[in-house]
Amino acid sequence: MNKLFLSIAILSAVVTMSSCKKELADKSDDVEAVKDISVVEEESTEDLLNVLTNEEDLLVGEYNQTVAKENIEVFNRINSFSAWSQVSTIDFTTEKGTGITKLYYNKELQVDKIVVRKYDTEQQSLDVYYLSDGKLVLVINQGLVYNANPNSKEFNKEESEYTKDCNYFLDGKLFAIMSNLDCGAPFAEDYVRTVEKDILEEVKKLIP
């Protein structure tokens, strides 16, 4: 009788241990799944567009090269500066995704630089505004329309559509627009004024 009882006890212990191992394995799978999700989320928020800091990356036409020198000087000065008095970060949502705005304040607490990023499932954009003494000097718009979902194997940055526009201002007025998709000829005056209006209105919304 004792031998029979001992055999039953041993068999019960083995079954219990097997069940525990299976439960631990299941929990381990759950942890691994969570890790995978976090990696995907991290990759989905990757910035595929970089803030331009080299003047060689700017688009400048022959007809506005001389006038744009002052704009480029401001561009270089602001990008070489790092001791900002304040950097304000604002998260926001759009109809299709999310975004983040950063405002860089100089020692007089004036905004010298604004960086706006927007993300959604089809594209992302990066708009950088440069100001001097409160006046707009240069706006660089970059965009990337994905060739496929950025988290899929089919996604290829090189096959996605990249756009870059450089908007040059003088005394608060837009005097030149340069685009990587354009042949380099000046845009029509009415188009320039429309773009100017849209940019100035956007800046008013961005600066508190």
# chains A, B, ... in the order shown; residues from 1 in each chain; ligands from 1
$ closest_atom_pairs --of "segment 73-132 of chain A" --to "segment 48-56 of chain A" --cutoff "10 Å" --atoms "only C-alpha atoms" --output "tab-separated table"
residue	atom	partner	partner_atom	distance
A:Glu73	CA	A:Glu55	CA	9.0
A:Phe75	CA	A:Glu55	CA	7.6
A:Asn76	CA	A:Glu55	CA	7.1
A:Ile78	CA	A:Thr53	CA	9.2
A:Asn79	CA	A:Thr53	CA	5.9
A:Ser80	CA	A:Thr53	CA	8.3
A:Val115	CA	A:Val51	CA	8.3
A:Arg117	CA	A:Leu49	CA	9.0
A:Gln123	CA	A:Leu48	CA	10.0
A:Gln124	CA	A:Leu48	CA	8.0
A:Ser125	CA	A:Leu49	CA	7.4
A:Leu126	CA	A:Leu49	CA	6.6
A:Asp127	CA	A:Val51	CA	8.6
A:Val128	CA	A:Val51	CA	7.4
$ closest_residue --among "A:Ile140, A:Asn167, A:Tyr119, A:Asp47" --to "Pro186 of chain A" --atoms "only C-alpha atoms"
A:Asn167
$ residues_around --residues "Lys173 of chain A" --least-positions-apart "5" --cutoff "10 Å" --atoms "only C-alpha atoms" --output "PDB file with all heavy atoms, in the first residue's frame"
ATOM      1  N   LYS A 135      12.034  88.360 -37.196  1.00  0.00           N
ATOM      2  CA  LYS A 135      11.577  88.303 -38.587  1.00  0.00           C
ATOM      3  C   LYS A 135      12.001  86.992 -39.239  1.00  0.00           C
ATOM      4  O   LYS A 135      13.116  86.511 -39.026  1.00  0.00           O
ATOM      5  CB  LYS A 135      12.142  89.480 -39.389  1.00  0.00           C
ATOM      6  CG  LYS A 135      11.568  90.828 -39.004  1.00  0.00           C
ATOM      7  CD  LYS A 135      12.105  91.921 -39.914  1.00  0.00           C
ATOM      8  CE  LYS A 135      11.510  93.277 -39.570  1.00  0.00           C
ATOM      9  NZ  LYS A 135      12.028  94.346 -40.474  1.00  0.00           N
ATOM     10  N   LEU A 136      11.114  86.465 -40.047  1.00  0.00           N
ATOM     11  CA  LEU A 136      11.390  85.216 -40.742  1.00  0.00           C
ATOM     12  C   LEU A 136      12.459  85.428 -41.812  1.00  0.00           C
ATOM     13  O   LEU A 136      12.414  86.393 -42.576  1.00  0.00           O
ATOM     14  CB  LEU A 136      10.102  84.696 -41.381  1.00  0.00           C
ATOM     15  CG  LEU A 136      10.018  83.210 -41.720  1.00  0.00           C
ATOM     16  CD1 LEU A 136      10.263  82.349 -40.489  1.00  0.00           C
ATOM     17  CD2 LEU A 136       8.657  82.893 -42.316  1.00  0.00           C
ATOM     18  N   VAL A 137      13.427  84.511 -41.844  1.00  0.00           N
ATOM     19  CA  VAL A 137      14.540  84.616 -42.791  1.00  0.00           C
ATOM     20  C   VAL A 137      14.546  83.452 -43.780  1.00  0.00           C
ATOM     21  O   VAL A 137      14.751  83.643 -44.981  1.00  0.00           O
ATOM     22  CB  VAL A 137      15.890  84.661 -42.035  1.00  0.00           C
ATOM     23  CG1 VAL A 137      17.057  84.611 -43.010  1.00  0.00           C
ATOM     24  CG2 VAL A 137      15.974  85.907 -41.171  1.00  0.00           C
ATOM     25  N   TYR A 168      13.061  81.659 -49.080  1.00  0.00           N
ATOM     26  CA  TYR A 168      13.922  82.751 -48.618  1.00  0.00           C
ATOM     27  C   TYR A 168      13.112  84.034 -48.425  1.00  0.00           C
ATOM     28  O   TYR A 168      12.377  84.452 -49.328  1.00  0.00           O
ATOM     29  CB  TYR A 168      15.048  82.991 -49.625  1.00  0.00           C
ATOM     30  CG  TYR A 168      15.987  81.820 -49.771  1.00  0.00           C
ATOM     31  CD1 TYR A 168      15.728  80.806 -50.693  1.00  0.00           C
ATOM     32  CD2 TYR A 168      17.129  81.721 -48.982  1.00  0.00           C
ATOM     33  CE1 TYR A 168      16.585  79.724 -50.826  1.00  0.00           C
ATOM     34  CE2 TYR A 168      17.995  80.645 -49.110  1.00  0.00           C
ATOM     35  CZ  TYR A 168      17.717  79.649 -50.032  1.00  0.00           C
ATOM     36  OH  TYR A 168      18.570  78.579 -50.158  1.00  0.00           O
ATOM     37  N   VAL A 192       4.001  82.742 -55.316  1.00  0.00           N
ATOM     38  CA  VAL A 192       4.926  83.131 -54.244  1.00  0.00           C
ATOM     39  C   VAL A 192       4.180  83.834 -53.122  1.00  0.00           C
ATOM     40  O   VAL A 192       4.402  83.570 -51.941  1.00  0.00           O
ATOM     41  CB  VAL A 192       6.048  84.040 -54.796  1.00  0.00           C
ATOM     42  CG1 VAL A 192       6.921  84.574 -53.650  1.00  0.00           C
ATOM     43  CG2 VAL A 192       6.909  83.282 -55.791  1.00  0.00           C
ATOM     44  N   ARG A 193       3.264  84.735 -53.486  1.00  0.00           N
ATOM     45  CA  ARG A 193       2.509  85.470 -52.468  1.00  0.00           C
ATOM     46  C   ARG A 193       1.583  84.535 -51.679  1.00  0.00           C
ATOM     47  O   ARG A 193       1.369  84.724 -50.477  1.00  0.00           O
ATOM     48  CB  ARG A 193       1.686  86.582 -53.125  1.00  0.00           C
ATOM     49  CG  ARG A 193       2.504  87.643 -53.850  1.00  0.00           C
ATOM     50  CD  ARG A 193       3.195  88.623 -52.887  1.00  0.00           C
ATOM     51  NE  ARG A 193       4.339  88.083 -52.190  1.00  0.00           N
ATOM     52  CZ  ARG A 193       5.584  88.040 -52.672  1.00  0.00           C
ATOM     53  NH1 ARG A 193       5.840  88.478 -53.879  1.00  0.00           N
ATOM     54  NH2 ARG A 193       6.570  87.559 -51.941  1.00  0.00           N
ATOM     55  N   GLU A 196       3.802  82.654 -49.293  1.00  0.00           N
ATOM     56  CA  GLU A 196       4.210  83.608 -48.257  1.00  0.00           C
ATOM     57  C   GLU A 196       3.123  83.758 -47.194  1.00  0.00           C
ATOM     58  O   GLU A 196       3.398  83.695 -45.984  1.00  0.00           O
ATOM     59  CB  GLU A 196       4.499  84.961 -48.897  1.00  0.00           C
ATOM     60  CG  GLU A 196       4.766  86.084 -47.910  1.00  0.00           C
ATOM     61  CD  GLU A 196       4.849  87.432 -48.609  1.00  0.00           C
ATOM     62  OE1 GLU A 196       5.859  87.676 -49.287  1.00  0.00           O
ATOM     63  OE2 GLU A 196       3.884  88.222 -48.490  1.00  0.00           O
ATOM     64  N   LYS A 197       1.899  83.930 -47.640  1.00  0.00           N
ATOM     65  CA  LYS A 197       0.774  84.094 -46.714  1.00  0.00           C
ATOM     66  C   LYS A 197       0.603  82.861 -45.829  1.00  0.00           C
ATOM     67  O   LYS A 197       0.435  82.977 -44.606  1.00  0.00           O
ATOM     68  CB  LYS A 197      -0.514  84.355 -47.503  1.00  0.00           C
ATOM     69  CG  LYS A 197      -1.745  84.527 -46.625  1.00  0.00           C
ATOM     70  CD  LYS A 197      -2.999  84.716 -47.475  1.00  0.00           C
ATOM     71  CE  LYS A 197      -4.239  84.812 -46.593  1.00  0.00           C
ATOM     72  NZ  LYS A 197      -5.485  84.933 -47.400  1.00  0.00           N
ATOM     73  N   LEU A 200       3.547  82.653 -43.206  1.00  0.00           N
ATOM     74  CA  LEU A 200       3.448  83.667 -42.152  1.00  0.00           C
ATOM     75  C   LEU A 200       2.306  83.351 -41.184  1.00  0.00           C
ATOM     76  O   LEU A 200       2.439  83.552 -39.965  1.00  0.00           O
ATOM     77  CB  LEU A 200       3.257  85.051 -42.772  1.00  0.00           C
ATOM     78  CG  LEU A 200       4.458  85.598 -43.563  1.00  0.00           C
ATOM     79  CD1 LEU A 200       4.113  86.933 -44.209  1.00  0.00           C
ATOM     80  CD2 LEU A 200       5.684  85.743 -42.667  1.00  0.00           C
TER      81      LEU A 200
END
